[in-house]
>>> print(open('coords04.pdb').read())   # PDB, C-alpha atoms
ATOM      1  CA  GLU R   1     332.813  23.069 172.237  1.00  0.00           C
ATOM      2  CA  PRO R   2     332.571  23.830 175.968  1.00  0.00           C
ATOM      3  CA  GLU R   3     335.830  24.315 177.776  1.00  0.00           C
ATOM      4  CA  VAL R   4     337.250  25.076 181.183  1.00  0.00           C
ATOM      5  CA  THR R   5     338.450  28.662 181.525  1.00  0.00           C
ATOM      6  CA  GLN R   6     340.853  30.149 184.046  1.00  0.00           C
ATOM      7  CA  THR R   7     341.749  33.693 185.043  1.00  0.00           C
ATOM      8  CA  PRO R   8     344.170  35.287 185.206  1.00  0.00           C
ATOM      9  CA  SER R   9     346.530  33.584 182.785  1.00  0.00           C
ATOM     10  CA  HIS R  10     349.513  35.042 184.648  1.00  0.00           C
ATOM     11  CA  GLN R  11     349.850  36.487 188.131  1.00  0.00           C
ATOM     12  CA  VAL R  12     352.875  37.984 189.816  1.00  0.00           C
ATOM     13  CA  THR R  13     352.670  38.587 193.538  1.00  0.00           C
ATOM     14  CA  GLN R  14     354.869  39.375 196.502  1.00  0.00           C
ATOM     15  CA  MET R  15     355.621  36.759 199.127  1.00  0.00           C
ATOM     16  CA  GLY R  16     353.045  36.867 201.892  1.00  0.00           C
ATOM     17  CA  GLN R  17     350.280  38.250 199.714  1.00  0.00           C
ATOM     18  CA  GLU R  18     346.977  36.512 199.151  1.00  0.00           C
ATOM     19  CA  VAL R  19     346.037  35.345 195.668  1.00  0.00           C
ATOM     20  CA  ILE R  20     342.797  34.005 194.269  1.00  0.00           C
ATOM     21  CA  LEU R  21     342.849  31.911 191.138  1.00  0.00           C
ATOM     22  CA  ARG R  22     339.592  31.593 189.309  1.00  0.00           C
ATOM     23  CA  CYS R  23     338.140  28.830 187.215  1.00  0.00           C
ATOM     24  CA  VAL R  24     334.899  28.384 185.325  1.00  0.00           C
ATOM     25  CA  PRO R  25     334.351  24.650 184.832  1.00  0.00           C
ATOM     26  CA  ILE R  26     332.294  23.213 182.019  1.00  0.00           C
ATOM     27  CA  SER R  27     328.693  24.051 182.831  1.00  0.00           C
ATOM     28  CA  ASN R  28     327.156  20.632 183.461  1.00  0.00           C
ATOM     29  CA  HIS R  29     330.158  19.215 185.268  1.00  0.00           C
ATOM     30  CA  LEU R  30     329.912  18.232 188.906  1.00  0.00           C
ATOM     31  CA  TYR R  31     333.436  17.337 189.960  1.00  0.00           C
ATOM     32  CA  PHE R  32     336.171  19.948 190.227  1.00  0.00           C
ATOM     33  CA  TYR R  33     339.883  19.744 190.796  1.00  0.00           C
ATOM     34  CA  TRP R  34     342.967  21.862 191.249  1.00  0.00           C
ATOM     35  CA  TYR R  35     346.411  20.656 190.237  1.00  0.00           C
ATOM     36  CA  ARG R  36     349.732  22.404 190.153  1.00  0.00           C
ATOM     37  CA  GLN R  37     352.856  21.970 188.056  1.00  0.00           C
ATOM     38  CA  ILE R  38     356.135  23.427 189.223  1.00  0.00           C
ATOM     39  CA  LEU R  39     358.206  24.407 186.204  1.00  0.00           C
ATOM     40  CA  GLY R  40     359.659  21.379 184.481  1.00  0.00           C
ATOM     41  CA  GLN R  41     358.029  18.912 186.837  1.00  0.00           C
ATOM     42  CA  LYS R  42     354.998  16.669 186.805  1.00  0.00           C
ATOM     43  CA  VAL R  43     351.421  17.670 187.424  1.00  0.00           C
ATOM     44  CA  GLU R  44     350.440  17.206 191.078  1.00  0.00           C
ATOM     45  CA  PHE R  45     346.981  16.862 192.569  1.00  0.00           C
ATOM     46  CA  LEU R  46     345.973  19.490 195.117  1.00  0.00           C
ATOM     47  CA  VAL R  47     342.284  19.082 195.867  1.00  0.00           C
ATOM     48  CA  SER R  48     339.015  17.704 194.571  1.00  0.00           C
ATOM     49  CA  PHE R  49     335.578  19.150 195.187  1.00  0.00           C
ATOM     50  CA  TYR R  50     332.140  17.662 194.822  1.00  0.00           C
ATOM     51  CA  ASN R  51     328.700  18.502 196.148  1.00  0.00           C
ATOM     52  CA  ASN R  52     329.971  21.731 197.658  1.00  0.00           C
ATOM     53  CA  GLU R  53     332.651  20.185 199.768  1.00  0.00           C
ATOM     54  CA  ILE R  54     336.220  18.985 199.529  1.00  0.00           C
ATOM     55  CA  SER R  55     336.336  15.356 198.478  1.00  0.00           C
ATOM     56  CA  GLU R  56     340.061  14.800 198.883  1.00  0.00           C
ATOM     57  CA  LYS R  57     343.157  16.912 199.398  1.00  0.00           C
ATOM     58  CA  SER R  58     346.846  16.229 199.090  1.00  0.00           C
ATOM     59  CA  GLU R  59     349.635  16.951 201.547  1.00  0.00           C
ATOM     60  CA  ILE R  60     350.439  20.058 199.530  1.00  0.00           C
ATOM     61  CA  PHE R  61     346.995  21.499 200.265  1.00  0.00           C
ATOM     62  CA  ASP R  62     347.711  22.839 203.737  1.00  0.00           C
ATOM     63  CA  ASP R  63     345.970  25.513 205.775  1.00  0.00           C
ATOM     64  CA  GLN R  64     347.222  28.218 203.442  1.00  0.00           C
ATOM     65  CA  PHE R  65     345.003  26.887 200.682  1.00  0.00           C
ATOM     66  CA  SER R  66     341.248  26.982 200.384  1.00  0.00           C
ATOM     67  CA  VAL R  67     338.705  26.373 197.655  1.00  0.00           C
ATOM     68  CA  GLU R  68     335.277  27.759 197.141  1.00  0.00           C
ATOM     69  CA  ARG R  69     332.425  27.568 194.720  1.00  0.00           C
ATOM     70  CA  PRO R  70     330.849  30.936 195.439  1.00  0.00           C
ATOM     71  CA  ASP R  71     328.159  30.672 192.804  1.00  0.00           C
ATOM     72  CA  GLY R  72     326.920  28.247 190.192  1.00  0.00           C
ATOM     73  CA  SER R  73     329.769  28.798 187.810  1.00  0.00           C
ATOM     74  CA  ASN R  74     333.038  29.805 189.493  1.00  0.00           C
ATOM     75  CA  PHE R  75     335.481  27.603 191.355  1.00  0.00           C
ATOM     76  CA  THR R  76     338.292  29.403 193.140  1.00  0.00           C
ATOM     77  CA  LEU R  77     341.592  28.508 194.746  1.00  0.00           C
ATOM     78  CA  LYS R  78     342.876  30.901 197.394  1.00  0.00           C
ATOM     79  CA  ILE R  79     346.386  30.960 198.745  1.00  0.00           C
ATOM     80  CA  ARG R  80     346.340  33.066 201.892  1.00  0.00           C
ATOM     81  CA  SER R  81     350.001  33.927 202.321  1.00  0.00           C
ATOM     82  CA  THR R  82     352.057  33.000 199.307  1.00  0.00           C
ATOM     83  CA  LYS R  83     355.526  31.530 199.569  1.00  0.00           C
ATOM     84  CA  LEU R  84     358.264  31.436 196.962  1.00  0.00           C
ATOM     85  CA  GLU R  85     357.678  27.705 196.504  1.00  0.00           C
ATOM     86  CA  ASP R  86     354.060  28.347 195.495  1.00  0.00           C
ATOM     87  CA  SER R  87     355.359  29.572 192.147  1.00  0.00           C
ATOM     88  CA  ALA R  88     353.898  27.155 189.636  1.00  0.00           C
ATOM     89  CA  MET R  89     351.288  26.649 186.964  1.00  0.00           C
ATOM     90  CA  TYR R  90     347.895  25.968 188.516  1.00  0.00           C
ATOM     91  CA  PHE R  91     345.393  23.950 186.530  1.00  0.00           C
ATOM     92  CA  CYS R  92     341.708  23.629 187.152  1.00  0.00           C
ATOM     93  CA  ALA R  93     339.898  20.545 185.838  1.00  0.00           C
ATOM     94  CA  SER R  94     336.351  19.297 185.809  1.00  0.00           C
ATOM     95  CA  HIS R  95     334.304  16.346 184.700  1.00  0.00           C
ATOM     96  CA  GLY R  96     330.738  15.208 184.481  1.00  0.00           C
ATOM     97  CA  ALA R  97     328.462  12.999 186.508  1.00  0.00           C
ATOM     98  CA  GLY R  98     330.483   9.806 186.672  1.00  0.00           C
ATOM     99  CA  HIS R  99     333.522   9.808 188.931  1.00  0.00           C
ATOM    100  CA  GLN R 100     335.346   7.922 186.227  1.00  0.00           C
ATOM    101  CA  GLU R 101     334.749  10.540 183.566  1.00  0.00           C
ATOM    102  CA  THR R 102     337.585  12.225 181.717  1.00  0.00           C
ATOM    103  CA  GLN R 103     338.924  15.351 183.377  1.00  0.00           C
ATOM    104  CA  TYR R 104     339.193  18.349 181.114  1.00  0.00           C
ATOM    105  CA  PHE R 105     341.751  20.944 182.036  1.00  0.00           C
ATOM    106  CA  GLY R 106     341.743  24.696 181.828  1.00  0.00           C
ATOM    107  CA  PRO R 107     344.672  26.531 180.227  1.00  0.00           C
ATOM    108  CA  GLY R 108     346.269  27.201 183.612  1.00  0.00           C
ATOM    109  CA  THR R 109     347.334  30.209 185.651  1.00  0.00           C
ATOM    110  CA  ARG R 110     351.047  30.807 185.907  1.00  0.00           C
ATOM    111  CA  LEU R 111     351.764  32.150 189.394  1.00  0.00           C
ATOM    112  CA  LEU R 112     355.076  33.776 190.192  1.00  0.00           C
ATOM    113  CA  VAL R 113     355.827  34.667 193.800  1.00  0.00           C
ATOM    114  CA  LEU R 114     358.661  37.139 194.302  1.00  0.00           C
TER
ATOM    115  CA  ALA M 115     348.877   3.905 196.568  1.00  0.00           C
ATOM    116  CA  GLN M 116     348.828   4.582 192.866  1.00  0.00           C
ATOM    117  CA  LYS M 117     351.943   5.363 190.896  1.00  0.00           C
ATOM    118  CA  VAL M 118     352.788   6.085 187.266  1.00  0.00           C
ATOM    119  CA  THR M 119     356.281   5.733 185.852  1.00  0.00           C
ATOM    120  CA  GLN M 120     357.471   7.220 182.589  1.00  0.00           C
ATOM    121  CA  ALA M 121     361.072   6.154 182.410  1.00  0.00           C
ATOM    122  CA  GLN M 122     361.874   8.075 179.240  1.00  0.00           C
ATOM    123  CA  THR M 123     362.638  11.653 180.188  1.00  0.00           C
ATOM    124  CA  GLU M 124     363.301  12.887 176.689  1.00  0.00           C
ATOM    125  CA  ILE M 125     363.149  11.407 173.204  1.00  0.00           C
ATOM    126  CA  SER M 126     364.393  12.995 169.993  1.00  0.00           C
ATOM    127  CA  VAL M 127     363.333  11.699 166.602  1.00  0.00           C
ATOM    128  CA  VAL M 128     363.483  12.869 163.041  1.00  0.00           C
ATOM    129  CA  GLU M 129     360.220  13.626 161.320  1.00  0.00           C
ATOM    130  CA  LYS M 130     358.453  10.592 159.867  1.00  0.00           C
ATOM    131  CA  GLU M 131     360.001   8.215 162.372  1.00  0.00           C
ATOM    132  CA  ASP M 132     357.739   6.161 164.615  1.00  0.00           C
ATOM    133  CA  VAL M 133     358.129   6.660 168.337  1.00  0.00           C
ATOM    134  CA  THR M 134     356.764   4.833 171.373  1.00  0.00           C
ATOM    135  CA  LEU M 135     356.328   6.445 174.757  1.00  0.00           C
ATOM    136  CA  ASP M 136     356.308   4.044 177.666  1.00  0.00           C
ATOM    137  CA  CYS M 137     354.054   4.138 180.702  1.00  0.00           C
ATOM    138  CA  VAL M 138     354.010   1.690 183.593  1.00  0.00           C
ATOM    139  CA  TYR M 139     351.520   1.994 186.410  1.00  0.00           C
ATOM    140  CA  GLU M 140     350.863   0.594 189.864  1.00  0.00           C
ATOM    141  CA  THR M 141     347.528   0.320 191.577  1.00  0.00           C
ATOM    142  CA  ARG M 142     345.778  -1.970 194.021  1.00  0.00           C
ATOM    143  CA  ASP M 143     342.365  -1.333 192.514  1.00  0.00           C
ATOM    144  CA  THR M 144     340.879  -3.767 190.056  1.00  0.00           C
ATOM    145  CA  THR M 145     338.966  -0.952 188.364  1.00  0.00           C
ATOM    146  CA  TYR M 146     340.956   2.038 187.215  1.00  0.00           C
ATOM    147  CA  TYR M 147     341.373   4.402 184.305  1.00  0.00           C
ATOM    148  CA  LEU M 148     344.415   5.339 182.310  1.00  0.00           C
ATOM    149  CA  PHE M 149     344.926   8.537 180.372  1.00  0.00           C
ATOM    150  CA  TRP M 150     347.375  10.260 178.094  1.00  0.00           C
ATOM    151  CA  TYR M 151     347.621  14.022 177.982  1.00  0.00           C
ATOM    152  CA  LYS M 152     349.732  16.194 175.694  1.00  0.00           C
ATOM    153  CA  GLN M 153     351.328  19.414 176.929  1.00  0.00           C
ATOM    154  CA  PRO M 154     352.564  21.510 173.995  1.00  0.00           C
ATOM    155  CA  PRO M 155     354.999  24.400 174.530  1.00  0.00           C
ATOM    156  CA  SER M 156     352.043  26.715 175.142  1.00  0.00           C
ATOM    157  CA  GLY M 157     351.462  24.855 178.416  1.00  0.00           C
ATOM    158  CA  GLU M 158     347.900  23.600 178.333  1.00  0.00           C
ATOM    159  CA  LEU M 159     347.011  19.971 178.984  1.00  0.00           C
ATOM    160  CA  VAL M 160     345.252  18.343 176.075  1.00  0.00           C
ATOM    161  CA  PHE M 161     343.363  15.106 176.618  1.00  0.00           C
ATOM    162  CA  LEU M 162     344.287  12.361 174.155  1.00  0.00           C
ATOM    163  CA  ILE M 163     342.749   9.118 175.367  1.00  0.00           C
ATOM    164  CA  ARG M 164     341.130   7.298 178.271  1.00  0.00           C
ATOM    165  CA  ARG M 165     341.221   3.553 178.734  1.00  0.00           C
ATOM    166  CA  ASN M 166     339.235   1.562 181.309  1.00  0.00           C
ATOM    167  CA  SER M 167     340.950  -1.291 183.116  1.00  0.00           C
ATOM    168  CA  PHE M 168     338.382  -3.801 181.952  1.00  0.00           C
ATOM    169  CA  ASP M 169     338.884  -2.973 178.300  1.00  0.00           C
ATOM    170  CA  GLU M 170     342.215  -4.191 176.988  1.00  0.00           C
ATOM    171  CA  GLN M 171     341.484  -3.511 173.359  1.00  0.00           C
ATOM    172  CA  ASN M 172     344.172  -1.473 171.726  1.00  0.00           C
ATOM    173  CA  GLU M 173     343.112   1.722 170.074  1.00  0.00           C
ATOM    174  CA  ILE M 174     344.171   3.600 166.997  1.00  0.00           C
ATOM    175  CA  SER M 175     343.313   7.175 166.190  1.00  0.00           C
ATOM    176  CA  GLY M 176     344.958   8.419 163.047  1.00  0.00           C
ATOM    177  CA  ARG M 177     348.722   8.384 163.629  1.00  0.00           C
ATOM    178  CA  TYR M 178     348.251   7.630 167.337  1.00  0.00           C
ATOM    179  CA  SER M 179     347.881   4.178 168.828  1.00  0.00           C
ATOM    180  CA  TRP M 180     347.811   2.846 172.349  1.00  0.00           C
ATOM    181  CA  ASN M 181     348.813  -0.566 173.646  1.00  0.00           C
ATOM    182  CA  PHE M 182     347.273  -1.495 176.996  1.00  0.00           C
ATOM    183  CA  GLN M 183     348.643  -4.643 178.651  1.00  0.00           C
ATOM    184  CA  LYS M 184     347.351  -5.460 182.134  1.00  0.00           C
ATOM    185  CA  SER M 185     349.789  -8.353 182.468  1.00  0.00           C
ATOM    186  CA  THR M 186     352.706  -5.931 182.463  1.00  0.00           C
ATOM    187  CA  SER M 187     350.808  -2.922 183.862  1.00  0.00           C
ATOM    188  CA  SER M 188     351.732  -0.890 180.838  1.00  0.00           C
ATOM    189  CA  PHE M 189     349.902   1.596 178.663  1.00  0.00           C
ATOM    190  CA  ASN M 190     352.246   2.612 175.873  1.00  0.00           C
ATOM    191  CA  PHE M 191     351.617   5.279 173.287  1.00  0.00           C
ATOM    192  CA  THR M 192     352.936   5.138 169.729  1.00  0.00           C
ATOM    193  CA  ILE M 193     353.049   7.969 167.240  1.00  0.00           C
ATOM    194  CA  THR M 194     353.467   6.779 163.668  1.00  0.00           C
ATOM    195  CA  ALA M 195     355.187   8.994 161.119  1.00  0.00           C
ATOM    196  CA  SER M 196     355.918  11.701 163.664  1.00  0.00           C
ATOM    197  CA  GLN M 197     355.607  15.355 162.752  1.00  0.00           C
ATOM    198  CA  VAL M 198     357.173  18.506 164.145  1.00  0.00           C
ATOM    199  CA  VAL M 199     353.783  19.466 165.612  1.00  0.00           C
ATOM    200  CA  ASP M 200     353.971  16.371 167.813  1.00  0.00           C
ATOM    201  CA  SER M 201     356.771  18.010 169.792  1.00  0.00           C
ATOM    202  CA  ALA M 202     355.449  18.293 173.336  1.00  0.00           C
ATOM    203  CA  VAL M 203     355.588  16.746 176.765  1.00  0.00           C
ATOM    204  CA  TYR M 204     353.342  13.709 177.053  1.00  0.00           C
ATOM    205  CA  PHE M 205     351.926  12.648 180.393  1.00  0.00           C
ATOM    206  CA  CYS M 206     350.451   9.316 181.318  1.00  0.00           C
ATOM    207  CA  ALA M 207     347.975   9.412 184.215  1.00  0.00           C
ATOM    208  CA  LEU M 208     345.945   7.020 186.338  1.00  0.00           C
ATOM    209  CA  SER M 209     342.789   7.374 188.369  1.00  0.00           C
ATOM    210  CA  GLU M 210     341.296   4.758 190.600  1.00  0.00           C
ATOM    211  CA  ALA M 211     337.587   4.094 190.727  1.00  0.00           C
ATOM    212  CA  GLY M 212     336.238   5.727 193.827  1.00  0.00           C
ATOM    213  CA  TRP M 213     332.892   5.278 195.472  1.00  0.00           C
ATOM    214  CA  SER M 214     329.963   6.687 193.622  1.00  0.00           C
ATOM    215  CA  GLY M 215     329.704  10.348 194.464  1.00  0.00           C
ATOM    216  CA  THR M 216     333.372  10.781 195.242  1.00  0.00           C
ATOM    217  CA  ALA M 217     335.853  12.536 193.046  1.00  0.00           C
ATOM    218  CA  SER M 218     338.822  10.616 191.734  1.00  0.00           C
ATOM    219  CA  LYS M 219     342.147  12.379 191.383  1.00  0.00           C
ATOM    220  CA  LEU M 220     344.614  11.846 188.571  1.00  0.00           C
ATOM    221  CA  THR M 221     348.107  10.662 189.391  1.00  0.00           C
ATOM    222  CA  PHE M 222     350.521  11.745 186.694  1.00  0.00           C
ATOM    223  CA  GLY M 223     353.816  10.357 185.563  1.00  0.00           C
ATOM    224  CA  THR M 224     356.786  12.658 185.217  1.00  0.00           C
ATOM    225  CA  GLY M 225     356.211  13.069 181.509  1.00  0.00           C
ATOM    226  CA  THR M 226     358.248  12.369 178.397  1.00  0.00           C
ATOM    227  CA  ARG M 227     359.471  15.297 176.341  1.00  0.00           C
ATOM    228  CA  LEU M 228     359.276  14.452 172.646  1.00  0.00           C
ATOM    229  CA  GLN M 229     361.308  16.523 170.232  1.00  0.00           C
ATOM    230  CA  VAL M 230     360.618  15.960 166.540  1.00  0.00           C
ATOM    231  CA  THR M 231     363.034  17.610 164.145  1.00  0.00           C
ATOM    232  CA  LEU M 232     363.119  17.980 160.388  1.00  0.00           C
TER
END
>>> encode(input="coords04.pdb", output="structure tokens")
Amino acid sequence: EPEVTQTPSHQVTQMGQEVILRCVPISNHLYFYWYRQILGQKVEFLVSFYNNEISEKSEIFDDQFSVERPDGSNFTLKIRSTKLEDSAMYFCASHGAGHQETQYFGPGTRLLVL
Amino acid sequence: AQKVTQAQTEISVVEKEDVTLDCVYETRDTTYYLFWYKQPPSGELVFLIRRNSFDEQNEISGRYSWNFQKSTSSFNFTITASQVVDSAVYFCALSEAGWSGTASKLTFGTGTRLQVTL
């Protein structure tokens, strides 16, 4: 069964460093999302992406964040200068042609900023 | 703006008990979608069910059942004869129907942690 994959599973970085989180959505999916979950809290929407552009972004998704689909398979989230409060689990999700389709989530990347 | 409320922070039950997880939502859209996801201790988010706003039929899948009531804006989830493997955090989520060609984000509730003991 196809699934969303994410790398790395864990990342530790120093404050101020840049990180890139990678996702490979399910191959025929067209809509892509990033969410984050601070430890013990709810899952929060960061950004959605469709047709090679950002569809919507939340207040969390400031200028330090960017997304890219560099090729036909990868979908990346870059944090330019990490802050302590960026420590969280980051989930990638994707779904198929209909905007109402079920979003399937990757296993997440746990980011720890020291 | 859309909002999902899961008032139960944590529930503990003994194995074989039935348990209901509550979810109340707010939206201005007439067309929307409701979801339940399970987050086991390993951390991934596992899709359980999706319900469209225009389909109020309740659904049963094995030991799981869902009760969707538009009149009270609720989408409750019941586990019958709970098992230790059901221990997890359960999230209710809502997405509104966007325009065709636009993505539609999920708004999650704060989750209910279910602990099933022997």
>>> resolve_selection(input="coords04.pdb", expression="the ChimeraX specification (/R :<12) & /M", output="compact mmCIF listing (two decimals) with C-alpha atoms, in the frame of the given file")
# COMPACT_ATOMS: atom_id res chain seq x y z
CA LYS M 117 351.94 5.36 190.90
CA VAL M 118 352.79 6.08 187.27
CA THR M 119 356.28 5.73 185.85
CA GLN M 120 357.47 7.22 182.59
CA THR M 123 362.64 11.65 180.19
CA THR M 145 338.97 -0.95 188.36
CA TYR M 146 340.96 2.04 187.22
CA TYR M 147 341.37 4.40 184.30
CA LEU M 148 344.42 5.34 182.31
CA PHE M 149 344.93 8.54 180.37
CA TRP M 150 347.38 10.26 178.09
CA TYR M 151 347.62 14.02 177.98
CA LYS M 152 349.73 16.19 175.69
CA GLN M 153 351.33 19.41 176.93
CA PRO M 154 352.56 21.51 174.00
CA PRO M 155 355.00 24.40 174.53
CA SER M 156 352.04 26.72 175.14
CA GLY M 157 351.46 24.86 178.42
CA GLU M 158 347.90 23.60 178.33
CA LEU M 159 347.01 19.97 178.98
CA VAL M 160 345.25 18.34 176.08
CA PHE M 161 343.36 15.11 176.62
CA LEU M 162 344.29 12.36 174.16
CA ILE M 163 342.75 9.12 175.37
CA ARG M 164 341.13 7.30 178.27
CA ARG M 165 341.22 3.55 178.73
CA ASN M 166 339.24 1.56 181.31
CA SER M 167 340.95 -1.29 183.12
CA VAL M 203 355.59 16.75 176.76
CA TYR M 204 353.34 13.71 177.05
CA PHE M 205 351.93 12.65 180.39
CA CYS M 206 350.45 9.32 181.32
CA ALA M 207 347.98 9.41 184.22
CA LEU M 208 345.94 7.02 186.34
CA SER M 209 342.79 7.37 188.37
CA GLU M 210 341.30 4.76 190.60
CA ALA M 211 337.59 4.09 190.73
CA GLY M 212 336.24 5.73 193.83
CA TRP M 213 332.89 5.28 195.47
CA SER M 214 329.96 6.69 193.62
CA GLY M 215 329.70 10.35 194.46
CA THR M 216 333.37 10.78 195.24
CA ALA M 217 335.85 12.54 193.05
CA SER M 218 338.82 10.62 191.73
CA LYS M 219 342.15 12.38 191.38
CA LEU M 220 344.61 11.85 188.57
CA THR M 221 348.11 10.66 189.39
CA PHE M 222 350.52 11.74 186.69
CA GLY M 223 353.82 10.36 185.56
CA THR M 224 356.79 12.66 185.22
CA GLY M 225 356.21 13.07 181.51
CA THR M 226 358.25 12.37 178.40
CA ARG M 227 359.47 15.30 176.34
>>> atom_distance(input="coords04.pdb", atom1="atom CA of Val230 of chain M", atom2="atom CA of Tyr139 of chain M")
25.9 Å
>>> atom_distance(input="coords04.pdb", atom1="atom CA of Asp200 of chain M", atom2="atom CA of Leu232 of chain M")
11.9 Å
>>> resolve_selection(input="coords04.pdb", expression="the PyMOL selection byres ((chain R and resi 10-14) around 9)", output="list in words")
Thr7, Pro8, Ser9, Met15, Gly16, Gln17, Glu18, Val19, Leu21, Thr82, Lys83, Leu84, Met89, Gly108, Thr109, Arg110, Leu111, Leu112, Val113 and Leu114 of chain R
>>> axis_aligned_box(input="coords04.pdb", around="segment 86-93 of chain R", padding_each_side="5 Å", output="AutoDock Vina command-line options")
--center_x 347.6 --center_y 25.1 --center_z 190.7 --size_x 25.5 --size_y 19.0 --size_z 19.7
>>> resolve_selection(input="coords04.pdb", expression="the PyMOL selection byres ((chain M and resi 171) around 12)", output="PyMOL selection string")
chain M and resi 164-170+172-174+179-184+189
>>> residues_around(input="coords04.pdb", residues="Gln197 of chain M", least_positions_apart="4", cutoff="8 Å", atoms="all atoms listed in the file", output="list of chain:residue names")
M:Glu129, M:Lys130, M:Ser201, M:Val230, M:Thr231
>>> atom_distance(input="coords04.pdb", atom1="atom CA of Gln64 of chain R", atom2="atom CA of Gly96 of chain R")
28.3 Å
>>> closest_residue(input="coords04.pdb", among="R:Asp86, R:Pro2, R:Asn52, R:Cys92", to="Glu68 of chain R", atoms="all atoms listed in the file")
R:Asn52
